[in-house]
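As provided, query-v3.cif (mmCIF, C-alpha atoms and all ligand atoms) reads as follows.
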```
data_entry
loop_
_atom_site.label_atom_id
_atom_site.label_comp_id
_atom_site.auth_asym_id
_atom_site.auth_seq_id
_atom_site.Cartn_x
_atom_site.Cartn_y
_atom_site.Cartn_z
CA MET A 1 9.94 25.56 103.86
CA LYS A 2 9.89 29.24 104.78
CA LYS A 3 10.97 31.61 102.01
CA ARG A 4 14.12 33.63 102.61
CA VAL A 5 14.03 37.40 102.85
CA THR A 6 16.13 38.70 99.95
CA LYS A 7 14.44 41.97 99.00
CA ALA A 8 14.35 45.21 100.93
CA ILE A 9 12.49 48.44 100.29
CA PHE A 10 14.12 51.73 101.29
CA PRO A 11 11.61 54.60 101.35
CA VAL A 12 13.71 57.68 100.56
CA ALA A 13 11.18 60.01 98.98
CA GLY A 14 10.82 62.43 101.92
CA LEU A 15 11.60 66.13 101.54
CA GLY A 16 13.83 66.23 104.59
CA THR A 17 12.46 69.60 105.64
CA ARG A 18 13.89 69.24 109.15
CA PHE A 19 17.34 69.58 107.62
CA LEU A 20 16.75 72.64 105.47
CA PRO A 21 18.64 74.47 104.07
CA ALA A 22 21.02 71.50 103.52
CA THR A 23 18.27 69.41 101.95
CA LYS A 24 17.47 72.15 99.43
CA SER A 25 20.09 70.60 97.16
CA ILE A 26 21.12 67.27 98.71
CA PRO A 27 18.88 64.37 99.66
CA LYS A 28 18.71 63.81 103.41
CA GLU A 29 19.93 60.23 102.91
CA ILE A 30 23.21 61.54 101.48
CA MET A 31 23.99 63.58 104.60
CA THR A 32 27.05 62.09 106.23
CA LEU A 33 27.66 60.44 109.56
CA VAL A 34 31.45 60.85 109.87
CA ASP A 35 32.27 60.09 106.21
CA ARG A 36 29.50 57.82 105.02
CA PRO A 37 26.05 58.88 103.92
CA LEU A 38 23.10 57.75 106.03
CA ILE A 39 21.94 55.43 103.28
CA GLN A 40 25.22 53.50 103.34
CA TYR A 41 24.55 52.42 106.94
CA ALA A 42 21.14 51.09 105.91
CA ILE A 43 22.59 49.23 102.91
CA ASP A 44 25.38 47.67 104.97
CA GLU A 45 22.84 46.51 107.55
CA ALA A 46 20.68 44.96 104.84
CA ARG A 47 23.64 43.23 103.16
CA ALA A 48 24.68 41.75 106.49
CA ALA A 49 21.17 40.29 106.76
CA GLY A 50 21.41 38.56 103.38
CA ILE A 51 19.45 41.07 101.29
CA LYS A 52 20.27 40.77 97.59
CA GLU A 53 17.84 43.19 95.97
CA PHE A 54 17.55 46.81 97.05
CA ILE A 55 14.49 48.79 96.07
CA PHE A 56 14.56 52.55 96.57
CA VAL A 57 11.34 54.52 96.58
CA THR A 58 12.51 57.97 95.54
CA SER A 59 11.10 61.29 94.40
CA ARG A 60 12.22 64.37 92.49
CA GLY A 61 15.62 65.74 93.45
CA LYS A 62 17.12 62.43 94.57
CA SER A 63 19.48 61.84 91.64
CA ALA A 64 22.52 62.19 93.94
CA LEU A 65 21.39 58.94 95.55
CA GLU A 66 21.40 57.09 92.22
CA ASP A 67 24.87 58.41 91.38
CA TYR A 68 26.17 57.42 94.78
CA PHE A 69 25.58 53.72 94.08
CA ASP A 70 26.96 53.85 90.55
CA THR A 71 30.57 53.42 89.49
CA ALA A 72 32.61 56.64 89.22
CA PRO A 73 35.06 55.83 86.37
CA GLU A 74 36.94 59.16 86.40
CA LEU A 75 37.37 59.23 90.14
CA GLU A 76 38.42 55.59 90.22
CA SER A 77 40.98 55.99 87.44
CA ALA A 78 42.43 59.10 89.15
CA LEU A 79 42.79 57.14 92.40
CA ARG A 80 44.32 54.18 90.57
CA LYS A 81 46.94 56.42 88.92
CA LYS A 82 47.87 57.79 92.33
CA GLY A 83 48.09 54.29 93.81
CA LYS A 84 45.39 55.03 96.41
CA LYS A 85 44.38 51.42 97.01
CA ASP A 86 42.71 52.01 100.36
CA LEU A 87 40.40 54.66 98.91
CA LEU A 88 39.53 52.42 95.97
CA GLU A 89 38.62 49.73 98.49
CA THR A 90 36.41 52.20 100.37
CA LEU A 91 34.60 53.04 97.14
CA LYS A 92 33.92 49.38 96.41
CA HIS A 93 31.36 49.25 99.22
CA THR A 94 29.29 51.88 97.45
CA ASN A 95 29.02 49.99 94.17
CA MET A 96 26.00 47.85 93.52
CA ASP A 97 25.94 44.97 91.07
CA SER A 98 23.96 45.63 87.91
CA GLY A 99 20.35 44.69 88.54
CA ALA A 100 20.71 44.51 92.33
CA ILE A 101 19.26 47.96 92.79
CA ALA A 102 15.97 49.35 91.52
CA TYR A 103 14.41 52.78 91.78
CA VAL A 104 10.71 53.53 91.74
CA ARG A 105 9.22 56.96 92.08
CA GLN A 106 6.59 58.03 94.53
CA ASN A 107 5.01 60.95 92.71
CA LYS A 108 2.90 62.23 95.61
CA PRO A 109 3.88 62.32 99.30
CA LEU A 110 0.91 60.29 100.56
CA GLY A 111 2.64 58.58 103.48
CA LEU A 112 4.94 55.68 104.36
CA GLY A 113 2.35 53.03 103.47
CA HIS A 114 1.94 54.57 100.04
CA ALA A 115 5.73 54.72 99.54
CA VAL A 116 6.03 51.01 100.29
CA TRP A 117 3.06 50.26 98.01
CA CYS A 118 4.89 51.97 95.12
CA ALA A 119 7.33 49.01 95.11
CA ARG A 120 4.57 46.38 94.79
CA ARG A 121 5.41 45.28 91.23
CA LEU A 122 8.99 44.52 92.17
CA LEU A 123 8.05 41.97 94.79
CA GLY A 124 6.97 38.39 94.32
CA ASN A 125 5.02 36.18 96.65
CA GLU A 126 7.64 36.22 99.38
CA PRO A 127 8.35 38.10 102.61
CA PHE A 128 10.20 41.40 102.18
CA ALA A 129 12.03 43.84 104.42
CA VAL A 130 11.49 47.57 104.82
CA ILE A 131 14.28 49.76 106.20
CA LEU A 132 13.81 53.41 107.14
CA PRO A 133 17.28 54.94 106.77
CA ASP A 134 16.51 57.70 109.31
CA ASP A 135 16.70 55.08 112.02
CA VAL A 136 20.37 54.21 112.29
CA ILE A 137 21.12 51.23 114.50
CA ALA A 138 24.59 50.51 115.86
CA ALA A 139 24.74 46.82 116.70
CA GLU A 140 27.23 44.00 116.83
CA THR A 141 24.92 41.86 114.69
CA SER A 142 22.98 43.95 112.17
CA CYS A 143 19.47 44.66 113.47
CA LEU A 144 17.86 43.25 110.34
CA ALA A 145 20.02 40.11 110.59
CA GLN A 146 18.74 39.63 114.16
CA MET A 147 15.20 39.99 112.87
CA VAL A 148 15.71 37.56 109.98
CA GLU A 149 16.86 34.99 112.52
CA ALA A 150 13.90 35.58 114.84
CA HIS A 151 11.51 35.65 111.87
CA ALA A 152 12.69 32.20 110.78
CA GLU A 153 11.03 30.98 114.00
CA THR A 154 7.86 33.09 114.02
CA GLY A 155 7.10 33.72 110.33
CA GLY A 156 4.37 36.32 109.75
CA ASN A 157 5.01 40.03 110.14
CA MET A 158 7.72 41.41 112.37
CA VAL A 159 8.56 45.00 113.34
CA ALA A 160 11.60 46.21 115.28
CA ALA A 161 10.55 47.57 118.66
CA MET A 162 12.01 49.59 121.48
CA GLU A 163 10.75 51.10 124.73
CA VAL A 164 10.65 54.90 124.50
CA PRO A 165 9.91 57.59 127.15
CA ALA A 166 6.22 58.48 127.61
CA ASP A 167 6.69 62.03 126.30
CA LYS A 168 8.02 60.67 122.99
CA ILE A 169 5.53 57.86 122.38
CA SER A 170 3.18 59.93 120.20
CA SER A 171 5.88 60.18 117.49
CA TYR A 172 5.77 56.44 116.81
CA GLY A 173 3.73 53.45 115.84
CA VAL A 174 2.93 51.77 119.18
CA LEU A 175 2.38 48.09 119.99
CA ASP A 176 -0.36 46.63 122.13
CA VAL A 177 1.36 43.54 123.49
CA LYS A 178 -0.48 40.23 123.70
CA GLU A 179 2.30 38.06 125.04
CA ASP A 180 5.79 39.17 126.03
CA MET A 181 8.31 36.43 125.35
CA GLY A 182 11.41 38.56 125.93
CA SER A 183 12.98 39.66 122.69
CA VAL A 184 9.88 38.64 120.72
CA VAL A 185 6.41 39.88 121.64
CA SER A 186 3.16 38.92 119.98
CA VAL A 187 0.90 41.83 119.22
CA LYS A 188 -2.85 42.29 119.63
CA GLY A 189 -3.02 45.87 118.42
CA MET A 190 -0.93 48.52 116.74
CA VAL A 191 -1.62 52.23 116.47
CA GLU A 192 0.17 54.99 114.59
CA LYS A 193 1.14 58.10 116.58
CA PRO A 194 -1.47 57.88 119.36
CA PRO A 195 -1.90 60.76 121.82
CA ARG A 196 0.25 60.06 124.87
CA ASP A 197 -2.68 59.10 127.12
CA GLU A 198 -4.11 56.69 124.53
CA ALA A 199 -0.90 54.80 123.80
CA PRO A 200 -1.39 51.08 124.54
CA SER A 201 2.22 50.72 125.80
CA ASN A 202 5.61 52.39 125.60
CA LEU A 203 6.87 49.85 123.06
CA ALA A 204 7.46 51.79 119.85
CA VAL A 205 7.95 50.59 116.29
CA ILE A 206 11.44 51.36 114.94
CA GLY A 207 12.06 51.50 111.20
CA ARG A 208 12.79 47.85 110.39
CA TYR A 209 10.10 45.51 109.15
CA ILE A 210 9.79 42.00 107.70
CA LEU A 211 6.39 41.78 106.04
CA THR A 212 4.17 39.30 104.26
CA PRO A 213 2.84 39.92 100.72
CA GLN A 214 -0.58 40.27 102.34
CA VAL A 215 0.45 43.60 103.86
CA MET A 216 1.13 44.87 100.35
CA ASN A 217 -2.38 43.74 99.35
CA ASN A 218 -3.81 45.62 102.31
CA LEU A 219 -2.04 48.75 101.07
CA ASN A 220 -3.95 48.46 97.78
CA GLU A 221 -6.95 49.87 99.59
CA LYS A 222 -5.12 53.16 100.11
CA LYS A 223 -7.01 54.00 103.28
CA SER A 224 -5.67 57.09 104.97
CA GLY A 225 -4.97 57.06 108.69
CA ALA A 226 -3.08 59.22 111.21
CA GLY A 227 -2.17 62.65 109.86
CA GLY A 228 -4.28 61.97 106.73
CA GLU A 229 -1.51 59.73 105.39
CA ILE A 230 -1.59 56.13 104.18
CA GLN A 231 0.10 54.39 107.08
CA LEU A 232 2.17 51.21 106.93
CA THR A 233 1.22 50.60 110.57
CA ASP A 234 -2.48 50.31 109.63
CA ALA A 235 -1.78 47.80 106.83
CA ILE A 236 0.22 45.65 109.27
CA ALA A 237 -2.39 46.02 112.04
CA ARG A 238 -5.02 44.54 109.73
CA GLU A 239 -3.07 41.30 109.77
CA ILE A 240 -3.60 41.00 113.54
CA ALA A 241 -7.32 40.51 112.99
CA GLU A 242 -6.95 38.52 109.76
CA SER A 243 -4.05 36.20 110.56
CA ASP A 244 -2.87 36.84 114.14
CA ASN A 245 0.74 36.84 112.94
CA VAL A 246 2.24 40.18 113.98
CA TYR A 247 5.29 40.29 116.23
CA GLY A 248 7.50 42.96 117.75
CA PHE A 249 11.21 42.32 118.11
CA ARG A 250 13.35 44.02 120.76
CA PHE A 251 16.69 44.26 118.97
CA ARG A 252 20.09 44.39 120.60
CA GLY A 253 21.76 47.65 119.66
CA GLN A 254 21.66 51.42 119.96
CA ARG A 255 19.20 53.28 117.77
CA PHE A 256 19.67 56.87 116.66
CA ASP A 257 16.85 59.00 115.32
CA CYS A 258 18.71 60.61 112.45
CA GLY A 259 15.49 62.23 111.30
CA SER A 260 16.09 64.77 114.08
CA LYS A 261 19.06 67.12 114.46
CA ALA A 262 19.80 66.05 118.04
CA GLY A 263 19.72 62.37 117.04
CA PHE A 264 21.96 63.02 114.06
CA LEU A 265 24.51 64.78 116.27
CA GLN A 266 24.42 61.96 118.82
CA ALA A 267 25.03 59.43 116.06
CA THR A 268 27.91 61.53 114.71
CA VAL A 269 29.60 61.57 118.11
CA THR A 270 29.07 57.84 118.71
CA PHE A 271 30.21 56.73 115.25
CA GLY A 272 33.13 59.18 115.40
CA LEU A 273 34.31 57.72 118.71
CA ALA A 274 34.01 54.22 117.25
CA ARG A 275 36.64 55.02 114.60
CA ASP A 276 40.21 54.01 115.45
CA GLU A 277 41.70 56.91 113.49
CA LEU A 278 39.52 59.52 115.23
CA ARG A 279 39.02 58.21 118.75
CA ASP A 280 42.00 59.76 120.56
CA GLU A 281 41.74 63.26 119.12
CA PHE A 282 37.96 63.36 119.28
CA SER A 283 37.59 62.07 122.82
CA ALA A 284 40.29 64.50 124.03
CA TYR A 285 38.24 67.31 122.48
CA LEU A 286 35.01 66.09 124.08
CA GLY A 287 36.81 65.82 127.43
CA GLU A 288 37.99 69.43 127.15
CA LEU A 289 34.50 70.55 126.24
CA VAL A 290 33.03 68.88 129.31
CA SER A 291 35.63 70.36 131.67
CA LEU A 292 35.07 73.83 130.21
CA GLN A 293 31.35 73.45 130.76
CA ASN A 294 31.83 72.20 134.32
CA ALA A 295 34.13 75.13 135.07
CA ALA A 296 31.57 77.60 133.74
CA GLU A 297 28.79 76.23 135.97
C1 LIG B 301 7.55 56.01 110.87
C2 LIG B 301 6.42 55.02 111.16
C3 LIG B 301 6.24 54.83 112.66
C4 LIG B 301 7.56 54.40 113.28
C5 LIG B 301 8.67 55.40 112.93
C6 LIG B 301 10.03 54.89 113.41
O1 LIG B 301 7.14 57.28 111.33
O2 LIG B 301 5.22 55.51 110.57
O3 LIG B 301 5.27 53.85 112.90
O4 LIG B 301 7.40 54.31 114.69
O5 LIG B 301 8.75 55.61 111.51
O6 LIG B 301 11.04 55.79 113.17
P1 LIG B 301 7.89 58.64 110.89
O7 LIG B 301 9.08 58.79 111.80
O8 LIG B 301 8.30 58.47 109.47
O9 LIG B 301 6.90 59.73 111.10
#
```
Can you dump the structure from the file as structure tokens?
Ligand code: G1P
Amino acid sequence: MKKRVTKAIFPVAGLGTRFLPATKSIPKEIMTLVDRPLIQYAIDEARAAGIKEFIFVTSRGKSALEDYFDTAPELESALRKKGKKDLLETLKHTNMDSGAIAYVRQNKPLGLGHAVWCARRLLGNEPFAVILPDDVIAAETSCLAQMVEAHAETGGNMVAAMEVPADKISSYGVLDVKEDMGSVVSVKGMVEKPPRDEAPSNLAVIGRYILTPQVMNNLNEKKSGAGGEIQLTDAIAREIAESDNVYGFRFRGQRFDCGSKAGFLQATVTFGLARDELRDEFSAYLGELVSLQNAAE
């Protein structure tokens, strides 16, 4: 019987320099989309996929993240006294059961592969998920839940994938497709951030992975790749030659690159419009903005 995916790694050690000065004192993952920090979207997606253990790979200056998932006794008692039941309910989603969450430190920024490797002692001999919180995915069924379902059929290693424009392809891990079966593709090659004219396709890796323990073993070698960093892509690509069990999965949903300012703003607008309490006022404002712009042209 195939083992269930119950553990997920969240690499959150990055400096977030693209969002300075904000990230001088707050972790990027705590920046808010509407009223929830980025990391909450990732956690909710993982929970919806059946993840029970959440492993954060952090670094210096990320203590706000640890506090965010802890109880806040003073705040909660103040809300209780005021009878604010709805706000207490909102806070519940941020609490993690004791032992469900673990933090490991990455003490040097050596790349995504290295960050994932830092969690090696917390995993057993079972498949595990990796979620990059910068990639926010709005979907009816959580992207990771879609992958867990597809992975139950394929086994092996699976990465979320999406077609991206040619001028953006060199920012991603890119798949060389062996067989295209629709939502699932089998992969015969995988390359991290290739120059545009060397990219094997326009199918890019998006930050959701279900991986075999063997990928973690491959990371033990600590080989550096693109940009001089230890790349997760390379450790997965090794499995193509060794086990021929790497798949891409075209998810159903809209992905936002919240590692970039433009992507973050797009996500803010989309998630804002999705809120019942904001929709009318916000869409009226956007409508006005568009007519003003049209008038000025
Ligand atoms: C990482 C991965 C890359 C993937 C991307 C998706 O790159 O290394 O393979 O395509 O996430 O967002 P980063 O954006 O951290 O440079």
Could you give me, as JSON lines, every chain A residue with an atom at most 7 Å from ligand LIG 301 (chain B), plus its closest atom pair and distance in Å to one decimal, counting all atoms listed in the file, rows ordered by chain then number?
```
{"residue": "A:Leu112", "atom": "CA", "partner": "B:LIG301", "partner_atom": "O2", "distance": 6.2}
{"residue": "A:Asp134", "atom": "CA", "partner": "B:LIG301", "partner_atom": "O6", "distance": 7.0}
{"residue": "A:Asp135", "atom": "CA", "partner": "B:LIG301", "partner_atom": "O6", "distance": 5.8}
{"residue": "A:Ser171", "atom": "CA", "partner": "B:LIG301", "partner_atom": "O9", "distance": 6.5}
{"residue": "A:Tyr172", "atom": "CA", "partner": "B:LIG301", "partner_atom": "O4", "distance": 3.4}
{"residue": "A:Gly173", "atom": "CA", "partner": "B:LIG301", "partner_atom": "O3", "distance": 3.3}
{"residue": "A:Val174", "atom": "CA", "partner": "B:LIG301", "partner_atom": "O4", "distance": 6.8}
{"residue": "A:Glu192", "atom": "CA", "partner": "B:LIG301", "partner_atom": "O3", "distance": 5.5}
{"residue": "A:Lys193", "atom": "CA", "partner": "B:LIG301", "partner_atom": "O3", "distance": 7.0}
{"residue": "A:Ala204", "atom": "CA", "partner": "B:LIG301", "partner_atom": "O4", "distance": 5.7}
{"residue": "A:Val205", "atom": "CA", "partner": "B:LIG301", "partner_atom": "O4", "distance": 4.1}
{"residue": "A:Ile206", "atom": "CA", "partner": "B:LIG301", "partner_atom": "C6", "distance": 4.1}
{"residue": "A:Gly207", "atom": "CA", "partner": "B:LIG301", "partner_atom": "C6", "distance": 4.5}
{"residue": "A:Gln231", "atom": "CA", "partner": "B:LIG301", "partner_atom": "O2", "distance": 6.3}
{"residue": "A:Leu232", "atom": "CA", "partner": "B:LIG301", "partner_atom": "O2", "distance": 6.4}
{"residue": "A:Thr233", "atom": "CA", "partner": "B:LIG301", "partner_atom": "O3", "distance": 5.7}
{"residue": "A:Asp257", "atom": "CA", "partner": "B:LIG301", "partner_atom": "O6", "distance": 7.0}
```
- Task: Go through A:Val12, A:Ala129, A:Leu87, A:Val136 and flag the residue nearest Gly156 (chain A), using all atoms listed in the file for the distances.
- Result: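 With all atoms listed in the file as the atom set, the closest residue is A:Ala129.
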Using all atoms listed in the file, the best pick from A:Gly99, A:Pro133, A:Gly228, A:Leu33 as closest to Gly14 (chain A) would be A:Pro133
Env of Val148 (chain A): 8 Å cut, atoms = only C-alpha atoms, seq-sep filter 5 positions within chain, self excluded. Answer as number ranges by chain. A: 5, 49, 210
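Interatomic distance, CA of Leu265 (chain A) against CA of Ala139 (chain A): 18.0 Å.
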Expressed in Å to a single decimal, how great is the separation between CA of Val191 (chain A) and CA of Asp234 (chain A)?
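So the two atoms, CA of Val191 (chain A) and CA of Asp234 (chain A), lie 7.2 Å apart.
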>> From the options A:Tyr209, A:Tyr247, A:Phe282, A:Phe19, which residue's atoms come nearest to Phe264 (chain A), counting only C-alpha atoms?
In response: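 That would be A:Phe19, the residue with the smallest distance to Phe264 (chain A).
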Pairwise distance, CA of Arg255 (chain A) with CA of Met31 (chain A), equals 17.4 Å
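Taking all atoms listed in the file into account, Lys7 (chain A) lies nearest to A:Ala119 out of the set A:Asp67, A:Ser59, A:Ile30, A:Ala119.
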Item checked: Proximity to His114 (chain A) - best of A:Ser260, A:Ala13, A:Gly253, A:Leu289, all atoms listed in the file ->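 Looking only at the distances to His114 (chain A), the closest residue turns out to be A:Ala13.
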How would region 163-188 of chain A look with N, CA, C and O atoms restored, written as a JSON list (two decimals), in the frame of the given file?
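That gives us rebuild31.json:
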```json
[["chain", "number", "residue", "atom", "x", "y", "z"],
["A", 163, "GLU", "N", 11.46, 50.28, 123.75],
["A", 163, "GLU", "CA", 10.75, 51.10, 124.73],
["A", 163, "GLU", "C", 11.21, 52.55, 124.58],
["A", 163, "GLU", "O", 12.41, 52.81, 124.48],
["A", 164, "VAL", "N", 10.27, 53.48, 124.56],
["A", 164, "VAL", "CA", 10.65, 54.90, 124.50],
["A", 164, "VAL", "C", 9.96, 55.65, 125.65],
["A", 164, "VAL", "O", 8.94, 55.20, 126.17],
["A", 165, "PRO", "N", 10.52, 56.82, 126.06],
["A", 165, "PRO", "CA", 9.91, 57.59, 127.15],
["A", 165, "PRO", "C", 8.49, 58.04, 126.79],
["A", 165, "PRO", "O", 8.19, 58.27, 125.61],
["A", 166, "ALA", "N", 7.64, 58.15, 127.82],
["A", 166, "ALA", "CA", 6.22, 58.48, 127.61],
["A", 166, "ALA", "C", 6.03, 59.77, 126.81],
["A", 166, "ALA", "O", 5.13, 59.86, 125.97],
["A", 167, "ASP", "N", 6.89, 60.76, 127.01],
["A", 167, "ASP", "CA", 6.69, 62.03, 126.30],
["A", 167, "ASP", "C", 7.09, 61.95, 124.82],
["A", 167, "ASP", "O", 6.90, 62.90, 124.07],
["A", 168, "LYS", "N", 7.63, 60.82, 124.40],
["A", 168, "LYS", "CA", 8.02, 60.67, 122.99],
["A", 168, "LYS", "C", 7.10, 59.70, 122.23],
["A", 168, "LYS", "O", 7.16, 59.61, 121.01],
["A", 169, "ILE", "N", 6.25, 59.00, 122.98],
["A", 169, "ILE", "CA", 5.53, 57.86, 122.38],
["A", 169, "ILE", "C", 4.63, 58.28, 121.21],
["A", 169, "ILE", "O", 4.45, 57.53, 120.25],
["A", 170, "SER", "N", 4.12, 59.52, 121.25],
["A", 170, "SER", "CA", 3.18, 59.93, 120.20],
["A", 170, "SER", "C", 3.86, 60.23, 118.86],
["A", 170, "SER", "O", 3.20, 60.62, 117.90],
["A", 171, "SER", "N", 5.19, 60.01, 118.79],
["A", 171, "SER", "CA", 5.88, 60.18, 117.49],
["A", 171, "SER", "C", 6.02, 58.85, 116.76],
["A", 171, "SER", "O", 6.65, 58.80, 115.70],
["A", 172, "TYR", "N", 5.48, 57.78, 117.34],
["A", 172, "TYR", "CA", 5.77, 56.44, 116.81],
["A", 172, "TYR", "C", 4.51, 55.63, 116.54],
["A", 172, "TYR", "O", 3.43, 55.95, 117.05],
["A", 173, "GLY", "N", 4.71, 54.51, 115.82],
["A", 173, "GLY", "CA", 3.73, 53.45, 115.84],
["A", 173, "GLY", "C", 3.92, 52.73, 117.18],
["A", 173, "GLY", "O", 5.04, 52.56, 117.64],
["A", 174, "VAL", "N", 2.82, 52.34, 117.82],
["A", 174, "VAL", "CA", 2.93, 51.77, 119.18],
["A", 174, "VAL", "C", 2.24, 50.39, 119.22],
["A", 174, "VAL", "O", 1.17, 50.20, 118.64],
["A", 175, "LEU", "N", 2.88, 49.46, 119.93],
["A", 175, "LEU", "CA", 2.38, 48.09, 119.99],
["A", 175, "LEU", "C", 1.52, 47.85, 121.22],
["A", 175, "LEU", "O", 1.85, 48.31, 122.32],
["A", 176, "ASP", "N", 0.44, 47.13, 121.02],
["A", 176, "ASP", "CA", -0.36, 46.63, 122.13],
["A", 176, "ASP", "C", 0.06, 45.16, 122.28],
["A", 176, "ASP", "O", -0.22, 44.34, 121.39],
["A", 177, "VAL", "N", 0.72, 44.85, 123.37],
["A", 177, "VAL", "CA", 1.36, 43.54, 123.49],
["A", 177, "VAL", "C", 0.37, 42.48, 123.96],
["A", 177, "VAL", "O", -0.36, 42.69, 124.94],
["A", 178, "LYS", "N", 0.37, 41.34, 123.26],
["A", 178, "LYS", "CA", -0.48, 40.23, 123.70],
["A", 178, "LYS", "C", 0.32, 39.36, 124.66],
["A", 178, "LYS", "O", -0.05, 39.18, 125.80],
["A", 179, "GLU", "N", 1.46, 38.88, 124.16],
["A", 179, "GLU", "CA", 2.30, 38.06, 125.04],
["A", 179, "GLU", "C", 3.76, 38.50, 124.90],
["A", 179, "GLU", "O", 4.26, 38.63, 123.78],
["A", 180, "ASP", "N", 4.39, 38.72, 126.04],
["A", 180, "ASP", "CA", 5.79, 39.17, 126.03],
["A", 180, "ASP", "C", 6.69, 37.97, 126.26],
["A", 180, "ASP", "O", 6.70, 37.38, 127.33],
["A", 181, "MET", "N", 7.45, 37.61, 125.22],
["A", 181, "MET", "CA", 8.31, 36.43, 125.35],
["A", 181, "MET", "C", 9.77, 36.83, 125.45],
["A", 181, "MET", "O", 10.66, 36.06, 125.15],
["A", 182, "GLY", "N", 10.03, 38.08, 125.82],
["A", 182, "GLY", "CA", 11.41, 38.56, 125.93],
["A", 182, "GLY", "C", 11.77, 39.39, 124.72],
["A", 182, "GLY", "O", 11.26, 40.49, 124.56],
["A", 183, "SER", "N", 12.65, 38.83, 123.86],
["A", 183, "SER", "CA", 12.98, 39.66, 122.69],
["A", 183, "SER", "C", 11.82, 39.69, 121.69],
["A", 183, "SER", "O", 11.62, 40.68, 121.00],
["A", 184, "VAL", "N", 11.05, 38.63, 121.62],
["A", 184, "VAL", "CA", 9.88, 38.64, 120.72],
["A", 184, "VAL", "C", 8.60, 38.87, 121.54],
["A", 184, "VAL", "O", 8.44, 38.30, 122.62],
["A", 185, "VAL", "N", 7.73, 39.73, 121.02],
["A", 185, "VAL", "CA", 6.41, 39.88, 121.64],
["A", 185, "VAL", "C", 5.35, 39.63, 120.58],
["A", 185, "VAL", "O", 5.55, 39.98, 119.41],
["A", 186, "SER", "N", 4.26, 38.99, 120.95],
["A", 186, "SER", "CA", 3.16, 38.92, 119.98],
["A", 186, "SER", "C", 2.27, 40.13, 120.24],
["A", 186, "SER", "O", 2.26, 40.70, 121.34],
["A", 187, "VAL", "N", 1.55, 40.53, 119.19],
["A", 187, "VAL", "CA", 0.90, 41.83, 119.22],
["A", 187, "VAL", "C", -0.61, 41.66, 119.01],
["A", 187, "VAL", "O", -1.02, 40.91, 118.13],
["A", 188, "LYS", "N", -1.39, 42.37, 119.83],
["A", 188, "LYS", "CA", -2.85, 42.29, 119.63],
["A", 188, "LYS", "C", -3.43, 43.60, 119.11],
["A", 188, "LYS", "O", -4.63, 43.70, 118.84]]
```
